[in-house]
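**Student:** Below is a structure I'd like to ask you about.
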Amino acid sequence: MTERGEPKDDALPVGLRYLPGRLDAGSRRRLLGEVLELVEAAGWFRPVMPGSGRPFSVRMCNLGRLGWISDIRGYRYSPVHPGTGRPWPPIPEALLRLWEELADYPHPPECCLVNHYRPGARLGLHQDRDEEEFTAPILSVSLGCAAWFRFGGRRRRDPTRRLLLESGDVLVMGGPARLLYHGIDRILPGTGEPVPGEGRINLTLRRVTVPERP
Ligand code: MD3
Ligand code: FE
C-alpha cells in the first residue's frame with residue numbers, strides 16, 4: 001500500500017511495471033551472496049556530486065562492461081573502477097536471464113549499477129539520462145531492507161507518489177516511464193534479508209550504448 005492506503009498498483013504510469021515478490025527467498029539470498037562477493041572483491045566507491053564534490057550517502061559499485069560513476073567532473077559511464085582502474089566484474093547469469101525474461105529488448109544489458117543504502121542514506125529525485133540508448137528499459141531489483149521509492153513525471157515539478165519497495169521486488173521502467181523523475185526517500189532498517197553492514201542493496205540493469213545494426 002502507498003502512504004495514502006491505495007493499492008500499490010493503482011494507476012501506475014504507462015511503462016512502469018511493478019513486480020512485487022518477483023524473486024523468492026532462495027533467489028534473493030543467492031543473488032545477494034553472488035553480487036556482494038563480486039563487489040567486495042572489486043571494492044565500493046563513494047560517488048561525489050559534480051561541481052560541489054559533496055559525497056553521496058549511497059555507496060556504489062558496477063558489474064558489466066560499463067559502470068556509472070560520478071566525480072567532480074561529472075556523471076558518465078566508465079569501463080573501469082574509479083578507485084582501482086580495473087574492469088568491473090561480470091554481471092551474474094541470473095540477472096542476465098531476468099533481463100531476457102522481462103526487458104522486452106533484444107540486446108543484453110551492459111551495466112549493473114549496485115547501490116548500497118545504509119540506514120539514513122537516500123537518493124534525491126533525478127532522471128537517469130546518462131545513457132545513449134533510451135529505447136531499452138531500466139530493470140531494478142531490490143534486496144535487503146525495504147525502502148520508500150518516490151516517482152513523479154518527466155518534469156521535476158510534476159506531482160510525485162511513493163511505493164514501498166521490498167526485498168525481491170522488481171521494477172521495469174520502459175517506454176514513457178524511462179525518463180520519469182525518481183528517488184529513494186529512506187530505507188526501513190530491520191526489514192528484509194540481512195545485508196552485511198546493514199541496509200538495502202539495489203541493482204539496476206541498463207543498456208548504455210545503441211547497438212550496432214547487423
Ligand atoms: C524510474 N536507483 O540507481 S531503482 C538509480 O533504489 C536509482 O537505488 C534507485 O534511481 C534505487 O539511478 C531506484 C528504480 C528505478 C530506476 C530507474 C528508473 C526507477 C526508475 C528510471 C526511470 C524511472
Ligand atoms: Fe535513477
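For the C-alpha cells, the naming scheme is as follows: chains receive sequential letters (A, B, ...) according to their order of presentation, residues are indexed from 1 within each chain, and ligands are indexed from 1 in presentation order.
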So which residues are near ligand 2, meaning at most 8 Å away with only C-alpha atoms and all ligand atoms counted, given back as a PyMOL selection string?

**Tutor:** chain A and resi 126-128+181-183

**Student:** Keeping all heavy atoms, export the residues of the selection given above as a PDB file, in the first residue's frame.

**Tutor:**
```pdb
ATOM      1  N   HIS A 126      15.784  12.431  -9.322  1.00  0.00           N
ATOM      2  CA  HIS A 126      16.628  12.616 -10.505  1.00  0.00           C
ATOM      3  C   HIS A 126      16.045  11.837 -11.680  1.00  0.00           C
ATOM      4  O   HIS A 126      15.164  11.007 -11.505  1.00  0.00           O
ATOM      5  CB  HIS A 126      18.051  12.111 -10.215  1.00  0.00           C
ATOM      6  CG  HIS A 126      18.107  10.623 -10.017  1.00  0.00           C
ATOM      7  ND1 HIS A 126      17.800  10.021  -8.810  1.00  0.00           N
ATOM      8  CD2 HIS A 126      18.377   9.606 -10.875  1.00  0.00           C
ATOM      9  CE1 HIS A 126      17.898   8.708  -8.936  1.00  0.00           C
ATOM     10  NE2 HIS A 126      18.243   8.414 -10.189  1.00  0.00           N
ATOM     11  N   GLN A 127      16.580  12.119 -12.863  1.00  0.00           N
ATOM     12  CA  GLN A 127      16.292  11.300 -14.047  1.00  0.00           C
ATOM     13  C   GLN A 127      17.551  10.515 -14.391  1.00  0.00           C
ATOM     14  O   GLN A 127      18.655  10.987 -14.152  1.00  0.00           O
ATOM     15  CB  GLN A 127      15.985  12.191 -15.256  1.00  0.00           C
ATOM     16  CG  GLN A 127      14.643  12.856 -15.250  1.00  0.00           C
ATOM     17  CD  GLN A 127      14.501  13.768 -16.465  1.00  0.00           C
ATOM     18  OE1 GLN A 127      15.331  14.647 -16.681  1.00  0.00           O
ATOM     19  NE2 GLN A 127      13.455  13.558 -17.247  1.00  0.00           N
ATOM     20  N   ASP A 128      17.383   9.334 -14.978  1.00  0.00           N
ATOM     21  CA  ASP A 128      18.527   8.565 -15.471  1.00  0.00           C
ATOM     22  C   ASP A 128      18.667   8.901 -16.953  1.00  0.00           C
ATOM     23  O   ASP A 128      17.886   8.421 -17.773  1.00  0.00           O
ATOM     24  CB  ASP A 128      18.287   7.065 -15.301  1.00  0.00           C
ATOM     25  CG  ASP A 128      18.315   6.638 -13.843  1.00  0.00           C
ATOM     26  OD1 ASP A 128      18.297   7.514 -12.960  1.00  0.00           O
ATOM     27  OD2 ASP A 128      18.350   5.426 -13.594  1.00  0.00           O
ATOM     28  N   TYR A 181      11.158  11.226 -13.309  1.00  0.00           N
ATOM     29  CA  TYR A 181      11.937  11.578 -12.112  1.00  0.00           C
ATOM     30  C   TYR A 181      11.649  10.554 -11.021  1.00  0.00           C
ATOM     31  O   TYR A 181      10.516  10.096 -10.862  1.00  0.00           O
ATOM     32  CB  TYR A 181      11.568  12.978 -11.626  1.00  0.00           C
ATOM     33  CG  TYR A 181      12.376  14.049 -12.315  1.00  0.00           C
ATOM     34  CD1 TYR A 181      11.947  14.607 -13.520  1.00  0.00           C
ATOM     35  CD2 TYR A 181      13.589  14.469 -11.780  1.00  0.00           C
ATOM     36  CE1 TYR A 181      12.709  15.573 -14.162  1.00  0.00           C
ATOM     37  CE2 TYR A 181      14.353  15.439 -12.420  1.00  0.00           C
ATOM     38  CZ  TYR A 181      13.910  15.988 -13.603  1.00  0.00           C
ATOM     39  OH  TYR A 181      14.665  16.928 -14.234  1.00  0.00           O
ATOM     40  N   HIS A 182      12.683  10.187 -10.256  1.00  0.00           N
ATOM     41  CA  HIS A 182      12.521   9.186  -9.202  1.00  0.00           C
ATOM     42  C   HIS A 182      13.651   9.325  -8.189  1.00  0.00           C
ATOM     43  O   HIS A 182      14.679   9.948  -8.491  1.00  0.00           O
ATOM     44  CB  HIS A 182      12.515   7.780  -9.819  1.00  0.00           C
ATOM     45  CG  HIS A 182      13.802   7.460 -10.526  1.00  0.00           C
ATOM     46  ND1 HIS A 182      14.073   7.900 -11.808  1.00  0.00           N
ATOM     47  CD2 HIS A 182      14.921   6.806 -10.126  1.00  0.00           C
ATOM     48  CE1 HIS A 182      15.284   7.509 -12.160  1.00  0.00           C
ATOM     49  NE2 HIS A 182      15.829   6.837 -11.164  1.00  0.00           N
ATOM     50  N   GLY A 183      13.456   8.710  -7.024  1.00  0.00           N
ATOM     51  CA  GLY A 183      14.489   8.732  -5.989  1.00  0.00           C
ATOM     52  C   GLY A 183      14.098   7.821  -4.842  1.00  0.00           C
ATOM     53  O   GLY A 183      13.033   7.193  -4.865  1.00  0.00           O
TER      54      GLY A 183
END
```

**Student:** Looking only at the backbone, which of the residues in segment 26-196 of chain A does DSSP tag as strand (DSSP E or B), as a compact mmCIF listing (two decimals) with N, CA and C atoms, in the first residue's frame?

**Tutor:**
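Written output follows (result25.txt):
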```
# COMPACT_ATOMS: atom_id res chain seq x y z
N PHE A 45 32.82 2.25 -4.21
CA PHE A 45 33.31 3.62 -4.30
C PHE A 45 32.20 4.55 -3.84
N VAL A 48 30.70 11.38 -5.83
CA VAL A 48 30.51 12.75 -5.33
C VAL A 48 29.77 13.55 -6.39
N PRO A 55 29.79 14.30 -1.17
CA PRO A 55 29.62 12.85 -1.36
C PRO A 55 28.16 12.40 -1.31
N ARG A 59 26.69 4.13 -1.24
CA ARG A 59 27.92 3.57 -1.82
C ARG A 59 27.57 2.83 -3.10
N MET A 60 28.49 2.77 -4.02
CA MET A 60 28.19 2.14 -5.30
C MET A 60 29.31 1.24 -5.79
N CYS A 61 28.93 0.33 -6.69
CA CYS A 61 29.89 -0.41 -7.50
C CYS A 61 29.13 -0.78 -8.78
N ASN A 62 29.82 -1.31 -9.77
CA ASN A 62 29.16 -1.72 -11.00
C ASN A 62 29.63 -3.10 -11.40
N LEU A 63 28.78 -3.77 -12.17
CA LEU A 63 29.12 -5.04 -12.81
C LEU A 63 28.85 -4.84 -14.29
N GLY A 67 30.35 1.00 -16.32
CA GLY A 67 29.82 1.32 -14.99
C GLY A 67 29.53 2.81 -14.87
N TRP A 68 28.43 3.12 -14.15
CA TRP A 68 28.08 4.53 -13.94
C TRP A 68 28.92 5.09 -12.82
N ILE A 69 29.55 6.24 -13.06
CA ILE A 69 30.33 6.89 -12.00
C ILE A 69 30.00 8.38 -11.97
N SER A 70 30.30 9.01 -10.83
CA SER A 70 30.10 10.45 -10.68
C SER A 70 31.26 11.00 -9.88
N ASP A 71 31.97 11.95 -10.45
CA ASP A 71 33.04 12.61 -9.72
C ASP A 71 32.92 14.12 -9.93
N GLY A 74 31.84 15.22 -13.43
CA GLY A 74 30.52 14.93 -14.00
C GLY A 74 30.11 13.47 -13.85
N TYR A 75 28.93 13.17 -14.38
CA TYR A 75 28.40 11.81 -14.43
C TYR A 75 28.82 11.19 -15.75
N ARG A 76 29.19 9.92 -15.75
CA ARG A 76 29.47 9.23 -17.02
C ARG A 76 29.58 7.73 -16.80
N TYR A 77 29.67 7.01 -17.90
CA TYR A 77 29.93 5.58 -17.85
C TYR A 77 31.40 5.34 -18.11
N SER A 78 31.99 4.43 -17.33
CA SER A 78 33.42 4.13 -17.44
C SER A 78 33.61 2.62 -17.50
N VAL A 80 36.15 1.17 -16.35
CA VAL A 80 36.96 0.77 -15.19
C VAL A 80 36.50 1.44 -13.89
N PRO A 87 38.82 -3.27 -14.68
CA PRO A 87 37.49 -3.50 -15.25
C PRO A 87 36.52 -3.98 -14.17
N CYS A 111 25.42 -2.72 -18.12
CA CYS A 111 25.77 -2.21 -16.80
C CYS A 111 24.79 -2.74 -15.77
N CYS A 112 25.33 -3.18 -14.64
CA CYS A 112 24.50 -3.38 -13.44
C CYS A 112 25.08 -2.48 -12.37
N LEU A 113 24.38 -1.39 -12.08
CA LEU A 113 24.79 -0.48 -11.01
C LEU A 113 24.30 -1.06 -9.68
N VAL A 114 25.22 -1.19 -8.72
CA VAL A 114 24.90 -1.73 -7.40
C VAL A 114 24.93 -0.58 -6.40
N ASN A 115 23.79 -0.29 -5.78
CA ASN A 115 23.70 0.78 -4.79
C ASN A 115 23.55 0.17 -3.40
N HIS A 116 24.31 0.65 -2.43
CA HIS A 116 24.16 0.22 -1.04
C HIS A 116 23.72 1.38 -0.16
N TYR A 117 22.53 1.24 0.41
CA TYR A 117 21.97 2.25 1.30
C TYR A 117 22.10 1.75 2.73
N LEU A 123 18.49 8.91 -1.90
CA LEU A 123 18.89 9.30 -3.26
C LEU A 123 17.86 10.32 -3.72
N GLY A 124 18.30 11.54 -3.95
CA GLY A 124 17.38 12.61 -4.32
C GLY A 124 16.72 12.37 -5.67
N LEU A 125 15.64 13.12 -5.89
CA LEU A 125 14.86 13.00 -7.13
C LEU A 125 15.74 13.33 -8.34
N HIS A 126 15.78 12.43 -9.32
CA HIS A 126 16.63 12.62 -10.50
C HIS A 126 16.05 11.84 -11.68
N ILE A 138 15.06 0.28 -17.97
CA ILE A 138 15.94 0.02 -16.83
C ILE A 138 15.19 -0.97 -15.95
N LEU A 139 15.92 -2.02 -15.51
CA LEU A 139 15.30 -3.05 -14.67
C LEU A 139 15.96 -2.98 -13.30
N SER A 140 15.15 -2.85 -12.25
CA SER A 140 15.68 -2.72 -10.90
C SER A 140 15.26 -3.90 -10.02
N VAL A 141 16.22 -4.38 -9.21
CA VAL A 141 15.96 -5.45 -8.24
C VAL A 141 16.29 -4.91 -6.85
N SER A 142 15.35 -5.01 -5.92
CA SER A 142 15.57 -4.56 -4.55
C SER A 142 15.90 -5.75 -3.65
N LEU A 143 16.92 -5.61 -2.80
CA LEU A 143 17.33 -6.67 -1.88
C LEU A 143 17.62 -6.08 -0.51
N GLY A 144 17.31 -6.83 0.55
CA GLY A 144 17.59 -6.34 1.90
C GLY A 144 16.45 -5.48 2.42
N ALA A 146 13.56 -2.82 3.14
CA ALA A 146 12.56 -2.13 2.32
C ALA A 146 12.91 -0.64 2.23
N ALA A 147 12.36 0.03 1.23
CA ALA A 147 12.63 1.46 1.05
C ALA A 147 11.41 2.15 0.44
N TRP A 148 11.25 3.43 0.78
CA TRP A 148 10.24 4.26 0.12
C TRP A 148 10.84 4.83 -1.16
N PHE A 149 10.26 4.37 -2.29
CA PHE A 149 10.67 4.81 -3.62
C PHE A 149 9.71 5.92 -4.03
N ARG A 150 10.24 7.05 -4.49
CA ARG A 150 9.39 8.16 -4.94
C ARG A 150 9.53 8.34 -6.44
N PHE A 151 8.41 8.56 -7.12
CA PHE A 151 8.48 8.82 -8.56
C PHE A 151 7.46 9.85 -8.95
N ARG A 161 4.48 10.39 -6.24
CA ARG A 161 3.91 9.47 -5.24
C ARG A 161 4.97 8.46 -4.82
N ARG A 162 4.63 7.68 -3.78
CA ARG A 162 5.61 6.73 -3.28
C ARG A 162 5.12 5.30 -3.41
N LEU A 163 6.08 4.40 -3.44
CA LEU A 163 5.81 2.96 -3.47
C LEU A 163 6.80 2.35 -2.48
N LEU A 164 6.35 1.39 -1.69
CA LEU A 164 7.28 0.69 -0.79
C LEU A 164 7.93 -0.44 -1.56
N LEU A 165 9.24 -0.37 -1.74
CA LEU A 165 9.96 -1.45 -2.42
C LEU A 165 10.54 -2.38 -1.38
N VAL A 170 10.80 -6.35 -8.17
CA VAL A 170 11.44 -5.93 -9.43
C VAL A 170 10.61 -4.82 -10.05
N LEU A 171 11.28 -3.81 -10.57
CA LEU A 171 10.62 -2.73 -11.32
C LEU A 171 11.23 -2.69 -12.71
N VAL A 172 10.40 -2.53 -13.72
CA VAL A 172 10.90 -2.33 -15.09
C VAL A 172 10.35 -0.99 -15.57
N MET A 173 11.26 -0.08 -15.93
CA MET A 173 10.87 1.24 -16.39
C MET A 173 11.23 1.37 -17.85
N HIS A 182 12.68 10.19 -10.26
CA HIS A 182 12.52 9.19 -9.20
C HIS A 182 13.65 9.33 -8.19
N GLY A 183 13.46 8.71 -7.02
CA GLY A 183 14.49 8.73 -5.99
C GLY A 183 14.10 7.82 -4.84
N ILE A 184 14.98 7.73 -3.84
CA ILE A 184 14.71 6.92 -2.65
C ILE A 184 14.66 7.87 -1.45
N ASP A 185 13.49 7.95 -0.79
CA ASP A 185 13.33 8.84 0.37
C ASP A 185 14.09 8.33 1.59
N ARG A 186 13.88 7.04 1.90
CA ARG A 186 14.56 6.47 3.06
C ARG A 186 14.37 4.97 3.07
N ILE A 187 15.26 4.29 3.78
CA ILE A 187 15.11 2.85 3.94
C ILE A 187 14.55 2.55 5.33
N LEU A 188 13.99 1.35 5.48
CA LEU A 188 13.37 0.93 6.74
C LEU A 188 14.27 -0.11 7.39
```

**Student:** Which of these residues is nearest to Tyr18 of chain A, using only C-alpha atoms: A:Ala177, A:Cys145, A:Ala41, A:Val208?

**Tutor:** A:Ala177

**Student:** Fewer than 3 positions away in the same chain doesn't count, so skip those; otherwise give me all residues within 9 Å of Pro189 of chain A, counting only C-alpha atoms, as a list in words.

**Tutor:** Arg118, Pro119, Gly120, Cys145, Ala146, Ala147, Gly192, Glu198, Gly199 and Arg200 of chain A

**Student:** For Trp99 of chain A, which residue among A:Ile201, A:Ala136, A:Ile72, A:Leu36 is the nearest when counting only C-alpha atoms?

**Tutor:** A:Ala136

**Student:** Enter the distance from atom CA of Glu101 of chain A to atom CA of Gly26 of chain A, in Å, rounded to one decimal.

**Tutor:** 18.7 Å

**Student:** Would you mind listing what lies within 7 Å of segment 102-109 of chain A as a list in words, with only C-alpha atoms counted and same-chain residues fewer than 6 positions away left out?

**Tutor:**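 Non-adjacent residues within range: Ala136, Pro137, Leu205, Arg206 and Arg207 of chain A.
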
**Student:** List every residue of segment 20-195 of chain A that DSSP, applied to the backbone, labels as helix (DSSP H, G or I), and write the result as JSON, numbers by chain.

**Tutor:** {"A": [25, 26, 27, 28, 29, 30, 31, 32, 33, 34, 35, 36, 37, 38, 39, 40, 41, 42, 93, 94, 95, 96, 97, 98, 99, 100, 101, 102, 175, 176, 177]}

**Student:** Only C-alpha atoms, please: the residues just picked out, written as a compact mmCIF listing (two decimals), in the first residue's frame.

**Tutor:**
```txt
# COMPACT_ATOMS: atom_id res chain seq x y z
CA ALA A 25 13.72 -16.19 -0.69
CA GLY A 26 16.26 -18.63 -2.20
CA SER A 27 16.84 -16.48 -5.29
CA ARG A 28 17.20 -13.36 -3.16
CA ARG A 29 19.77 -14.98 -0.89
CA ARG A 30 21.80 -16.50 -3.76
CA LEU A 31 21.78 -13.27 -5.77
CA LEU A 32 22.73 -11.14 -2.77
CA GLY A 33 25.60 -13.55 -1.97
CA GLU A 34 26.88 -13.59 -5.54
CA VAL A 35 26.67 -9.81 -6.02
CA LEU A 36 28.30 -8.97 -2.68
CA GLU A 37 31.17 -11.40 -3.30
CA LEU A 38 31.93 -9.71 -6.64
CA VAL A 39 31.53 -6.21 -5.23
CA GLU A 40 33.63 -6.80 -2.11
CA ALA A 41 36.45 -8.06 -4.36
CA ALA A 42 36.18 -5.08 -6.75
CA GLU A 93 23.86 -15.06 -15.14
CA ALA A 94 20.71 -14.89 -13.01
CA LEU A 95 20.43 -11.16 -13.75
CA LEU A 96 21.03 -11.64 -17.49
CA ARG A 97 18.21 -14.21 -17.51
CA LEU A 98 15.88 -11.86 -15.63
CA TRP A 99 16.61 -9.15 -18.25
CA GLU A 100 15.90 -11.60 -21.10
CA GLU A 101 12.63 -12.53 -19.48
CA LEU A 102 11.37 -9.05 -18.60
CA GLY A 175 8.81 3.41 -22.87
CA PRO A 176 7.29 6.61 -21.49
CA ALA A 177 8.40 5.69 -17.92
```

**Student:** Figure out the distance between atom CA of Gly174 of chain A and atom CA of Gly15 of chain A, please, to one decimal in Å.

**Tutor:** 4.9 Å

**Student:** For each of A:Gly83, A:Pro211, A:Gly152, A:Gly168, take the minimum atom-to-atom distance to ligand 1, counting only C-alpha atoms and all ligand atoms, then give the residue where this is smallest.

**Tutor:**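 Closest to ligand 1 of all the choices is A:Gly152.
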
**Student:** Using only C-alpha atoms and all ligand atoms for the distances, tell me which of A:Leu203, A:Trp88, A:Leu23, A:Pro50 is nearest to ligand 1.

**Tutor:**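 Closest residue, counting only C-alpha atoms and all ligand atoms: A:Leu203.
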
**Student:** Mind giving me the straight-line distance from atom CA of Pro82 of chain A to atom CA of Pro47 of chain A in Å, one decimal?

**Tutor:**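 If I compute the distance from atom CA of Pro82 of chain A to atom CA of Pro47 of chain A, I get 9.4 Å.
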